[in-house]
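**Student:** Before we start, here is the structure in question, set down as structure tokens.
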Amino acid sequence: QVQLVESGGGLVQAGGSLRLVCAASGRTSGTYAMGWYRQAPGKEREFVAQIRWAGNNPPDYGDSVKGRFTISRELRRSTIYLQMNNLGPEDTALYYCKGTFPGGVTIWGQGTQVTVSS
């Protein structure tokens, strides 16, 4: 079984930056992709970014974060990062890490809270 653990959330002022980290442990061999979603109170879960594990395909980003957020991976450590710049109050949400593994298995992390004050 695979476990995902997120970290790096916190409180930041508008215009600031944060870096989220998601580390996968367990049977991570054959990972297909890992990414980030977020959910603000009263809203549906929203796609943020995804990066594939194999090859050099460019990452995918949600429209609301393009140009501000950057996702990257560290294959050796089964870890992904989300660098978030120029944050605004609209980015306040619980950020979840999601991984897709062999057999179509999808695993979610517990989430890390990001709060942006205006």
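Every chain in the structure tokens takes a letter, A first, then B, and so on in the order presented; its residues are numbered from 1, and the ligands are numbered from 1 following the presented order.
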Identify, on the basis of only C-alpha atoms, every residue whose closest approach to A:Arg73 does not exceed 12 Å; exclude the query and any residue fewer than 4 positions from it along the same chain; express the result as an mmCIF file with all heavy atoms, in the first residue's frame.

**Tutor:**
```cif
data_model
loop_
_atom_site.group_PDB
_atom_site.id
_atom_site.type_symbol
_atom_site.label_atom_id
_atom_site.label_comp_id
_atom_site.auth_asym_id
_atom_site.auth_seq_id
_atom_site.Cartn_x
_atom_site.Cartn_y
_atom_site.Cartn_z
ATOM 1 N N LEU A 20 4.877 23.456 -1.091
ATOM 2 C CA LEU A 20 4.281 22.242 -0.546
ATOM 3 C C LEU A 20 5.110 21.029 -0.961
ATOM 4 O O LEU A 20 5.704 21.011 -2.040
ATOM 5 C CB LEU A 20 2.851 22.068 -1.043
ATOM 6 C CG LEU A 20 1.879 23.217 -0.779
ATOM 7 C CD1 LEU A 20 0.486 22.828 -1.240
ATOM 8 C CD2 LEU A 20 1.885 23.619 0.674
ATOM 9 N N VAL A 21 5.118 20.048 -0.092
ATOM 10 C CA VAL A 21 5.862 18.815 -0.331
ATOM 11 C C VAL A 21 4.926 17.627 -0.129
ATOM 12 O O VAL A 21 4.131 17.614 0.818
ATOM 13 C CB VAL A 21 7.058 18.690 0.624
ATOM 14 C CG1 VAL A 21 7.848 17.410 0.328
ATOM 15 C CG2 VAL A 21 7.953 19.901 0.538
ATOM 16 N N CYS A 22 5.012 16.655 -1.023
ATOM 17 C CA CYS A 22 4.253 15.418 -0.860
ATOM 18 C C CYS A 22 5.205 14.249 -1.062
ATOM 19 O O CYS A 22 5.785 14.093 -2.135
ATOM 20 C CB CYS A 22 3.117 15.327 -1.863
ATOM 21 S SG CYS A 22 2.233 13.741 -1.816
ATOM 22 N N ALA A 23 5.346 13.447 -0.022
ATOM 23 C CA ALA A 23 6.237 12.300 -0.072
ATOM 24 C C ALA A 23 5.429 11.013 -0.082
ATOM 25 O O ALA A 23 4.551 10.821 0.771
ATOM 26 C CB ALA A 23 7.184 12.317 1.123
ATOM 27 N N ALA A 24 5.744 10.154 -1.034
ATOM 28 C CA ALA A 24 5.076 8.860 -1.125
ATOM 29 C C ALA A 24 5.946 7.787 -0.492
ATOM 30 O O ALA A 24 7.164 7.790 -0.664
ATOM 31 C CB ALA A 24 4.796 8.511 -2.578
ATOM 32 N N THR A 31 4.827 4.135 -10.311
ATOM 33 C CA THR A 31 3.978 5.328 -10.172
ATOM 34 C C THR A 31 3.700 5.927 -11.533
ATOM 35 O O THR A 31 4.614 6.096 -12.343
ATOM 36 C CB THR A 31 4.668 6.367 -9.279
ATOM 37 O OG1 THR A 31 4.864 5.804 -7.979
ATOM 38 C CG2 THR A 31 3.831 7.625 -9.172
ATOM 39 N N ALA A 33 1.596 8.968 -12.002
ATOM 40 C CA ALA A 33 1.591 10.423 -11.885
ATOM 41 C C ALA A 33 1.285 10.813 -10.451
ATOM 42 O O ALA A 33 0.688 10.043 -9.685
ATOM 43 C CB ALA A 33 0.560 11.049 -12.815
ATOM 44 N N MET A 34 1.697 12.014 -10.104
ATOM 45 C CA MET A 34 1.336 12.595 -8.806
ATOM 46 C C MET A 34 0.970 14.040 -9.034
ATOM 47 O O MET A 34 1.469 14.691 -9.971
ATOM 48 C CB MET A 34 2.478 12.459 -7.806
ATOM 49 C CG MET A 34 2.712 11.021 -7.353
ATOM 50 S SD MET A 34 4.090 10.851 -6.185
ATOM 51 C CE MET A 34 3.467 11.747 -4.767
ATOM 52 N N GLY A 35 0.109 14.550 -8.189
ATOM 53 C CA GLY A 35 -0.311 15.925 -8.391
ATOM 54 C C GLY A 35 -0.975 16.515 -7.170
ATOM 55 O O GLY A 35 -0.976 15.918 -6.088
ATOM 56 N N ALA A 49 -2.381 20.891 -10.206
ATOM 57 C CA ALA A 49 -1.252 20.545 -11.067
ATOM 58 C C ALA A 49 -0.987 19.050 -10.988
ATOM 59 O O ALA A 49 -1.316 18.406 -9.995
ATOM 60 C CB ALA A 49 -0.001 21.314 -10.648
ATOM 61 N N GLN A 50 -0.367 18.521 -12.056
ATOM 62 C CA GLN A 50 -0.017 17.103 -12.088
ATOM 63 C C GLN A 50 1.267 16.931 -12.879
ATOM 64 O O GLN A 50 1.496 17.644 -13.859
ATOM 65 C CB GLN A 50 -1.123 16.281 -12.745
ATOM 66 C CG GLN A 50 -0.752 14.803 -12.915
ATOM 67 C CD GLN A 50 -1.858 13.992 -13.539
ATOM 68 O OE1 GLN A 50 -2.762 13.517 -12.855
ATOM 69 N NE2 GLN A 50 -1.791 13.814 -14.843
ATOM 70 N N ILE A 51 2.082 15.962 -12.458
ATOM 71 C CA ILE A 51 3.296 15.642 -13.182
ATOM 72 C C ILE A 51 3.389 14.137 -13.332
ATOM 73 O O ILE A 51 3.104 13.384 -12.399
ATOM 74 C CB ILE A 51 4.539 16.224 -12.447
ATOM 75 C CG1 ILE A 51 5.793 16.086 -13.307
ATOM 76 C CG2 ILE A 51 4.732 15.591 -11.077
ATOM 77 C CD1 ILE A 51 6.953 16.947 -12.798
ATOM 78 N N ARG A 52 3.730 13.688 -14.539
ATOM 79 C CA ARG A 52 3.864 12.263 -14.794
ATOM 80 C C ARG A 52 5.223 11.774 -14.324
ATOM 81 O O ARG A 52 6.188 12.533 -14.282
ATOM 82 C CB ARG A 52 3.659 11.980 -16.280
ATOM 83 C CG ARG A 52 2.225 12.233 -16.732
ATOM 84 C CD ARG A 52 2.092 12.167 -18.236
ATOM 85 N NE ARG A 52 0.740 12.410 -18.701
ATOM 86 C CZ ARG A 52 0.188 13.616 -18.774
ATOM 87 N NH1 ARG A 52 0.890 14.679 -18.446
ATOM 88 N NH2 ARG A 52 -1.060 13.737 -19.198
ATOM 89 N N TRP A 53 5.264 10.496 -13.975
ATOM 90 C CA TRP A 53 6.502 9.978 -13.402
ATOM 91 C C TRP A 53 7.520 9.590 -14.465
ATOM 92 O O TRP A 53 8.720 9.731 -14.244
ATOM 93 C CB TRP A 53 6.188 8.781 -12.502
ATOM 94 C CG TRP A 53 6.893 8.837 -11.200
ATOM 95 C CD1 TRP A 53 7.766 7.923 -10.690
ATOM 96 C CD2 TRP A 53 6.816 9.894 -10.230
ATOM 97 N NE1 TRP A 53 8.240 8.350 -9.473
ATOM 98 C CE2 TRP A 53 7.681 9.542 -9.156
ATOM 99 C CE3 TRP A 53 6.134 11.105 -10.172
ATOM 100 C CZ2 TRP A 53 7.844 10.341 -8.040
ATOM 101 C CZ3 TRP A 53 6.311 11.909 -9.057
ATOM 102 C CH2 TRP A 53 7.147 11.521 -8.018
ATOM 103 N N ALA A 54 7.067 9.066 -15.581
ATOM 104 C CA ALA A 54 7.979 8.610 -16.623
ATOM 105 C C ALA A 54 7.988 9.616 -17.760
ATOM 106 O O ALA A 54 7.008 10.316 -18.009
ATOM 107 C CB ALA A 54 7.560 7.246 -17.138
ATOM 108 N N GLY A 55 9.124 9.666 -18.457
ATOM 109 C CA GLY A 55 9.232 10.535 -19.606
ATOM 110 C C GLY A 55 9.415 11.990 -19.224
ATOM 111 O O GLY A 55 9.587 12.342 -18.057
ATOM 112 N N ASN A 56 9.360 12.826 -20.239
ATOM 113 C CA ASN A 56 9.588 14.258 -20.040
ATOM 114 C C ASN A 56 8.390 15.093 -20.470
ATOM 115 O O ASN A 56 8.552 16.237 -20.918
ATOM 116 C CB ASN A 56 10.834 14.690 -20.830
ATOM 117 C CG ASN A 56 12.096 14.077 -20.252
ATOM 118 O OD1 ASN A 56 12.300 14.097 -19.048
ATOM 119 N ND2 ASN A 56 12.925 13.512 -21.114
ATOM 120 N N PRO A 58 5.504 17.658 -20.275
ATOM 121 C CA PRO A 58 5.376 18.828 -19.408
ATOM 122 C C PRO A 58 4.239 18.627 -18.415
ATOM 123 O O PRO A 58 3.263 17.934 -18.700
ATOM 124 C CB PRO A 58 5.047 19.954 -20.393
ATOM 125 C CG PRO A 58 4.462 19.272 -21.575
ATOM 126 C CD PRO A 58 5.156 17.950 -21.681
ATOM 127 N N PRO A 59 4.352 19.224 -17.249
ATOM 128 C CA PRO A 59 3.287 19.112 -16.257
ATOM 129 C C PRO A 59 1.999 19.783 -16.745
ATOM 130 O O PRO A 59 2.011 20.614 -17.655
ATOM 131 C CB PRO A 59 3.843 19.838 -15.038
ATOM 132 C CG PRO A 59 5.313 19.917 -15.259
ATOM 133 C CD PRO A 59 5.491 19.981 -16.736
ATOM 134 N N ARG A 77 13.276 10.066 -4.428
ATOM 135 C CA ARG A 77 12.621 10.145 -3.133
ATOM 136 C C ARG A 77 11.103 9.996 -3.224
ATOM 137 O O ARG A 77 10.404 10.171 -2.221
ATOM 138 C CB ARG A 77 12.949 11.476 -2.452
ATOM 139 C CG ARG A 77 14.415 11.637 -2.146
ATOM 140 C CD ARG A 77 14.678 12.857 -1.292
ATOM 141 N NE ARG A 77 16.080 12.977 -0.921
ATOM 142 C CZ ARG A 77 16.541 13.885 -0.079
ATOM 143 N NH1 ARG A 77 15.729 14.749 0.466
ATOM 144 N NH2 ARG A 77 17.826 13.914 0.207
ATOM 145 N N SER A 78 10.591 9.696 -4.429
ATOM 146 C CA SER A 78 9.131 9.573 -4.623
ATOM 147 C C SER A 78 8.408 10.776 -4.030
ATOM 148 O O SER A 78 7.420 10.634 -3.290
ATOM 149 C CB SER A 78 8.618 8.272 -3.986
ATOM 150 O OG SER A 78 9.193 7.147 -4.602
ATOM 151 N N THR A 79 8.909 11.935 -4.360
ATOM 152 C CA THR A 79 8.403 13.175 -3.758
ATOM 153 C C THR A 79 8.093 14.192 -4.848
ATOM 154 O O THR A 79 8.802 14.264 -5.847
ATOM 155 C CB THR A 79 9.450 13.752 -2.800
ATOM 156 O OG1 THR A 79 9.679 12.811 -1.732
ATOM 157 C CG2 THR A 79 8.997 15.072 -2.208
ATOM 158 N N ILE A 80 7.025 14.933 -4.631
ATOM 159 C CA ILE A 80 6.729 16.058 -5.507
ATOM 160 C C ILE A 80 6.666 17.338 -4.689
ATOM 161 O O ILE A 80 6.454 17.302 -3.463
ATOM 162 C CB ILE A 80 5.413 15.884 -6.290
ATOM 163 C CG1 ILE A 80 4.219 15.748 -5.339
ATOM 164 C CG2 ILE A 80 5.508 14.709 -7.251
ATOM 165 C CD1 ILE A 80 2.866 15.809 -6.066
ATOM 166 N N TYR A 81 6.846 18.439 -5.379
ATOM 167 C CA TYR A 81 6.846 19.749 -4.752
ATOM 168 C C TYR A 81 5.893 20.663 -5.527
ATOM 169 O O TYR A 81 5.719 20.515 -6.735
ATOM 170 C CB TYR A 81 8.243 20.355 -4.767
ATOM 171 C CG TYR A 81 9.292 19.459 -4.170
ATOM 172 C CD1 TYR A 81 9.999 18.562 -4.971
ATOM 173 C CD2 TYR A 81 9.571 19.488 -2.811
ATOM 174 C CE1 TYR A 81 10.952 17.720 -4.429
ATOM 175 C CE2 TYR A 81 10.530 18.657 -2.262
ATOM 176 C CZ TYR A 81 11.220 17.769 -3.073
ATOM 177 O OH TYR A 81 12.162 16.934 -2.530
ATOM 178 N N LEU A 82 5.307 21.602 -4.805
ATOM 179 C CA LEU A 82 4.499 22.618 -5.470
ATOM 180 C C LEU A 82 4.979 23.976 -4.971
ATOM 181 O O LEU A 82 4.729 24.344 -3.817
ATOM 182 C CB LEU A 82 3.009 22.439 -5.160
ATOM 183 C CG LEU A 82 2.093 23.393 -5.923
ATOM 184 C CD1 LEU A 82 2.102 23.051 -7.418
ATOM 185 C CD2 LEU A 82 0.664 23.338 -5.381
ATOM 186 N N GLN A 83 5.686 24.674 -5.826
ATOM 187 C CA GLN A 83 6.128 26.024 -5.508
ATOM 188 C C GLN A 83 5.028 26.988 -5.888
ATOM 189 O O GLN A 83 4.631 27.066 -7.052
ATOM 190 C CB GLN A 83 7.416 26.359 -6.273
ATOM 191 C CG GLN A 83 7.934 27.758 -6.014
ATOM 192 C CD GLN A 83 8.370 27.965 -4.580
ATOM 193 O OE1 GLN A 83 8.997 27.106 -3.982
ATOM 194 N NE2 GLN A 83 8.013 29.119 -4.017
#
```

**Student:** Find the residues around A:Gln3 up to 9 Å (only C-alpha atoms counted), leave out those fewer than 4 positions away in its own chain, and share them as a PDB file with N, CA, C and O atoms, in the first residue's frame.

**Tutor:**
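Okay, out-v3.pdb is ready:
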```
ATOM      1  N   ALA A  23       5.346  13.447  -0.022  1.00  0.00           N
ATOM      2  CA  ALA A  23       6.237  12.300  -0.072  1.00  0.00           C
ATOM      3  C   ALA A  23       5.429  11.013  -0.082  1.00  0.00           C
ATOM      4  O   ALA A  23       4.551  10.821   0.771  1.00  0.00           O
ATOM      5  N   ALA A  24       5.744  10.154  -1.034  1.00  0.00           N
ATOM      6  CA  ALA A  24       5.076   8.860  -1.125  1.00  0.00           C
ATOM      7  C   ALA A  24       5.946   7.787  -0.492  1.00  0.00           C
ATOM      8  O   ALA A  24       7.164   7.790  -0.664  1.00  0.00           O
ATOM      9  N   SER A  25       5.323   6.873   0.209  1.00  0.00           N
ATOM     10  CA  SER A  25       6.047   5.749   0.802  1.00  0.00           C
ATOM     11  C   SER A  25       5.257   4.473   0.557  1.00  0.00           C
ATOM     12  O   SER A  25       4.058   4.502   0.299  1.00  0.00           O
ATOM     13  N   GLY A  26       5.977   3.351   0.666  1.00  0.00           N
ATOM     14  CA  GLY A  26       5.332   2.066   0.413  1.00  0.00           C
ATOM     15  C   GLY A  26       5.652   1.579  -0.980  1.00  0.00           C
ATOM     16  O   GLY A  26       6.728   1.816  -1.513  1.00  0.00           O
ATOM     17  N   ARG A  27       4.690   0.941  -1.614  1.00  0.00           N
ATOM     18  CA  ARG A  27       4.896   0.347  -2.933  1.00  0.00           C
ATOM     19  C   ARG A  27       4.719   1.396  -4.025  1.00  0.00           C
ATOM     20  O   ARG A  27       3.680   1.468  -4.669  1.00  0.00           O
ATOM     21  N   THR A  28       5.746   2.201  -4.233  1.00  0.00           N
ATOM     22  CA  THR A  28       5.657   3.297  -5.184  1.00  0.00           C
ATOM     23  C   THR A  28       6.182   2.923  -6.567  1.00  0.00           C
ATOM     24  O   THR A  28       6.118   3.746  -7.484  1.00  0.00           O
ATOM     25  N   ILE A 107      -4.522   7.208  -4.720  1.00  0.00           N
ATOM     26  CA  ILE A 107      -4.325   7.449  -3.291  1.00  0.00           C
ATOM     27  C   ILE A 107      -4.328   8.949  -3.047  1.00  0.00           C
ATOM     28  O   ILE A 107      -3.730   9.713  -3.810  1.00  0.00           O
ATOM     29  N   TRP A 108      -4.985   9.351  -1.975  1.00  0.00           N
ATOM     30  CA  TRP A 108      -5.008  10.763  -1.571  1.00  0.00           C
ATOM     31  C   TRP A 108      -4.291  10.933  -0.234  1.00  0.00           C
ATOM     32  O   TRP A 108      -4.357  10.063   0.636  1.00  0.00           O
ATOM     33  N   GLY A 109      -3.651  12.055  -0.067  1.00  0.00           N
ATOM     34  CA  GLY A 109      -3.086  12.410   1.220  1.00  0.00           C
ATOM     35  C   GLY A 109      -4.149  13.041   2.102  1.00  0.00           C
ATOM     36  O   GLY A 109      -5.301  13.210   1.702  1.00  0.00           O
TER      37      GLY A 109
END
```

**Student:** Using DSSP on the backbone, list every residue of chain A that comes out as strand (DSSP E), and give them as a count of residues only.

**Tutor:** 66

**Student:** A:Gly15: which residues within 7 Å, counting only C-alpha atoms, same-chain residues fewer than 6 positions away excluded, as a VMD selection string?

**Tutor:** chain A and resid 86 to 88

**Student:** Go through A:Gln13, A:Val116, A:Val5, A:Phe47 one by one, measure the shortest atom-to-atom distance of each to A:Lys66 using only C-alpha atoms, and give the residue with the smallest value.

**Tutor:**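 Counting only C-alpha atoms, the residue closest to A:Lys66 is A:Phe47.
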
**Student:** When you look at stretch 92-96 of chain A with a cut-off of 6 Å (counting only C-alpha atoms), what residues show up, excluding the ones that are within fewer than 6 positions of it in the same chain? I need them as an MDAnalysis selection string.

**Tutor:** chainID A and resid 36:40 109 111:116

**Student:** Can you write out the residues you just picked, keeping all heavy atoms, as a CSV table (one decimal), in the first residue's frame?

**Tutor:**
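Saved the output as result30.csv:
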```csv
chain,number,residue,atom,x,y,z
A,36,TRP,N,-1.5,17.7,-7.4
A,36,TRP,CA,-2.2,18.5,-6.3
A,36,TRP,C,-3.6,18.9,-6.7
A,36,TRP,O,-3.8,19.3,-7.8
A,36,TRP,CB,-1.3,19.7,-6.0
A,36,TRP,CG,0.0,19.4,-5.5
A,36,TRP,CD1,1.2,19.3,-6.1
A,36,TRP,CD2,0.4,19.2,-4.1
A,36,TRP,NE1,2.2,19.0,-5.3
A,36,TRP,CE2,1.8,19.0,-4.0
A,36,TRP,CE3,-0.4,19.2,-2.9
A,36,TRP,CZ2,2.4,18.7,-2.8
A,36,TRP,CZ3,0.3,18.9,-1.7
A,36,TRP,CH2,1.7,18.7,-1.7
A,37,TYR,N,-4.4,18.8,-5.7
A,37,TYR,CA,-5.8,19.4,-5.8
A,37,TYR,C,-6.0,20.3,-4.6
A,37,TYR,O,-5.2,20.2,-3.6
A,37,TYR,CB,-6.8,18.2,-5.8
A,37,TYR,CG,-6.9,17.5,-7.1
A,37,TYR,CD1,-5.9,16.6,-7.5
A,37,TYR,CD2,-8.0,17.6,-8.0
A,37,TYR,CE1,-6.0,15.9,-8.7
A,37,TYR,CE2,-8.1,16.9,-9.2
A,37,TYR,CZ,-7.1,16.1,-9.5
A,37,TYR,OH,-7.2,15.4,-10.7
A,38,ARG,N,-7.0,21.1,-4.7
A,38,ARG,CA,-7.3,21.9,-3.5
A,38,ARG,C,-8.8,22.1,-3.4
A,38,ARG,O,-9.6,22.0,-4.3
A,38,ARG,CB,-6.7,23.3,-3.6
A,38,ARG,CG,-7.2,24.2,-4.7
A,38,ARG,CD,-6.4,25.5,-4.8
A,38,ARG,NE,-6.9,26.4,-5.9
A,38,ARG,CZ,-6.3,27.5,-6.2
A,38,ARG,NH1,-5.2,27.9,-5.6
A,38,ARG,NH2,-6.9,28.3,-7.1
A,39,GLN,N,-9.2,22.3,-2.1
A,39,GLN,CA,-10.6,22.5,-1.9
A,39,GLN,C,-10.8,23.6,-0.8
A,39,GLN,O,-10.3,23.5,0.3
A,39,GLN,CB,-11.3,21.2,-1.3
A,39,GLN,CG,-12.8,21.3,-1.2
A,39,GLN,CD,-13.4,19.9,-1.1
A,39,GLN,OE1,-12.8,18.9,-0.7
A,39,GLN,NE2,-14.7,19.8,-1.4
A,40,ALA,N,-11.5,24.6,-1.2
A,40,ALA,CA,-11.9,25.8,-0.4
A,40,ALA,C,-13.2,25.5,0.3
A,40,ALA,O,-14.0,24.7,-0.3
A,40,ALA,CB,-11.9,27.1,-1.2
A,109,GLY,N,-3.7,12.1,-0.1
A,109,GLY,CA,-3.1,12.4,1.2
A,109,GLY,C,-4.1,13.0,2.1
A,109,GLY,O,-5.3,13.2,1.7
A,111,GLY,N,-4.0,16.1,3.3
A,111,GLY,CA,-4.2,17.5,3.1
A,111,GLY,C,-3.4,18.4,4.0
A,111,GLY,O,-3.0,18.0,5.1
A,112,THR,N,-3.0,19.6,3.4
A,112,THR,CA,-2.3,20.6,4.2
A,112,THR,C,-2.9,21.9,3.9
A,112,THR,O,-3.2,22.2,2.8
A,112,THR,CB,-0.8,20.6,3.8
A,112,THR,OG1,-0.1,21.5,4.6
A,112,THR,CG2,-0.5,20.9,2.4
A,113,GLN,N,-3.1,22.7,5.0
A,113,GLN,CA,-3.9,23.9,4.8
A,113,GLN,C,-3.0,25.1,4.4
A,113,GLN,O,-1.9,25.3,5.0
A,113,GLN,CB,-4.6,24.3,6.2
A,113,GLN,CG,-5.3,25.6,6.2
A,113,GLN,CD,-6.6,25.5,5.3
A,113,GLN,OE1,-7.3,24.5,5.3
A,113,GLN,NE2,-6.9,26.6,4.6
A,114,VAL,N,-3.5,25.8,3.4
A,114,VAL,CA,-2.8,27.0,3.0
A,114,VAL,C,-3.8,28.2,3.2
A,114,VAL,O,-5.0,28.1,2.7
A,114,VAL,CB,-2.4,26.9,1.5
A,114,VAL,CG1,-2.0,28.3,1.0
A,114,VAL,CG2,-1.4,25.9,1.3
A,115,THR,N,-3.4,29.2,3.9
A,115,THR,CA,-4.2,30.3,4.2
A,115,THR,C,-3.5,31.6,3.8
A,115,THR,O,-2.3,31.8,4.2
A,115,THR,CB,-4.6,30.4,5.7
A,115,THR,OG1,-5.3,29.2,6.1
A,115,THR,CG2,-5.5,31.6,5.9
A,116,VAL,N,-4.1,32.4,2.9
A,116,VAL,CA,-3.5,33.6,2.4
A,116,VAL,C,-4.3,34.8,2.9
A,116,VAL,O,-5.5,34.9,2.7
A,116,VAL,CB,-3.4,33.6,0.9
A,116,VAL,CG1,-2.7,34.9,0.4
A,116,VAL,CG2,-2.7,32.4,0.4
```

**Student:** Report, in Å to a single decimal, how far apart atom CA of A:Leu4 and atom CA of A:Pro102 are.

**Tutor:**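 Separation between atom CA of A:Pro102 and atom CA of A:Leu4: 15.3 Å.
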
**Student:** Could you please write out, as a short mmCIF file (atom, residue, chain, number, x, y, z; two decimals) with all heavy atoms, in the first residue's frame, every residue of chain A that DSSP assigns to helix (DSSP H, G or I)?

**Tutor:**
```cif
data_model
loop_
_atom_site.label_atom_id
_atom_site.label_comp_id
_atom_site.auth_asym_id
_atom_site.auth_seq_id
_atom_site.Cartn_x
_atom_site.Cartn_y
_atom_site.Cartn_z
N LEU A 75 12.35 11.87 -8.33
CA LEU A 75 12.03 10.47 -8.52
C LEU A 75 12.64 9.59 -7.44
O LEU A 75 11.98 8.69 -6.91
CB LEU A 75 12.50 10.01 -9.90
CG LEU A 75 11.86 10.71 -11.10
CD1 LEU A 75 12.48 10.21 -12.40
CD2 LEU A 75 10.36 10.51 -11.11
N ARG A 76 13.89 9.86 -7.10
CA ARG A 76 14.59 9.00 -6.15
C ARG A 76 13.91 8.96 -4.80
O ARG A 76 13.93 7.97 -4.10
CB ARG A 76 16.03 9.49 -6.03
CG ARG A 76 16.92 8.64 -5.13
CD ARG A 76 18.37 9.08 -5.32
NE ARG A 76 18.53 10.51 -5.15
CZ ARG A 76 18.80 11.10 -4.00
NH1 ARG A 76 18.91 10.38 -2.89
NH2 ARG A 76 18.95 12.40 -3.92
N ARG A 77 13.28 10.07 -4.43
CA ARG A 77 12.62 10.15 -3.13
C ARG A 77 11.10 10.00 -3.22
O ARG A 77 10.40 10.17 -2.22
CB ARG A 77 12.95 11.48 -2.45
CG ARG A 77 14.41 11.64 -2.15
CD ARG A 77 14.68 12.86 -1.29
NE ARG A 77 16.08 12.98 -0.92
CZ ARG A 77 16.54 13.89 -0.08
NH1 ARG A 77 15.73 14.75 0.47
NH2 ARG A 77 17.83 13.91 0.21
N PRO A 89 -5.68 35.66 -1.70
CA PRO A 89 -6.70 35.07 -0.83
C PRO A 89 -7.49 33.96 -1.51
O PRO A 89 -7.95 33.02 -0.83
CB PRO A 89 -7.58 36.26 -0.47
CG PRO A 89 -6.69 37.44 -0.58
CD PRO A 89 -5.78 37.14 -1.73
N GLU A 90 -7.62 34.04 -2.81
CA GLU A 90 -8.37 33.01 -3.55
C GLU A 90 -7.66 31.67 -3.57
O GLU A 90 -8.25 30.66 -3.96
CB GLU A 90 -8.63 33.48 -4.99
CG GLU A 90 -7.40 33.62 -5.87
CD GLU A 90 -6.67 34.95 -5.68
OE1 GLU A 90 -6.99 35.69 -4.73
OE2 GLU A 90 -5.78 35.24 -6.53
N ASP A 91 -6.41 31.65 -3.17
CA ASP A 91 -5.65 30.40 -3.10
C ASP A 91 -5.82 29.69 -1.76
O ASP A 91 -5.30 28.58 -1.58
CB ASP A 91 -4.17 30.66 -3.35
CG ASP A 91 -3.90 31.20 -4.74
OD1 ASP A 91 -4.40 30.60 -5.71
OD2 ASP A 91 -3.18 32.21 -4.85
N PRO A 102 0.09 1.79 -10.25
CA PRO A 102 -0.28 0.67 -11.13
C PRO A 102 -1.65 0.08 -10.80
O PRO A 102 -2.06 0.03 -9.65
CB PRO A 102 0.83 -0.35 -10.87
CG PRO A 102 2.00 0.48 -10.50
CD PRO A 102 1.44 1.63 -9.71
N GLY A 103 -2.34 -0.33 -11.87
CA GLY A 103 -3.68 -0.88 -11.69
C GLY A 103 -4.74 0.19 -11.54
O GLY A 103 -5.89 -0.11 -11.20
N GLY A 104 -4.36 1.42 -11.80
CA GLY A 104 -5.32 2.52 -11.67
C GLY A 104 -5.64 2.91 -10.24
O GLY A 104 -6.62 3.61 -9.98
#
```
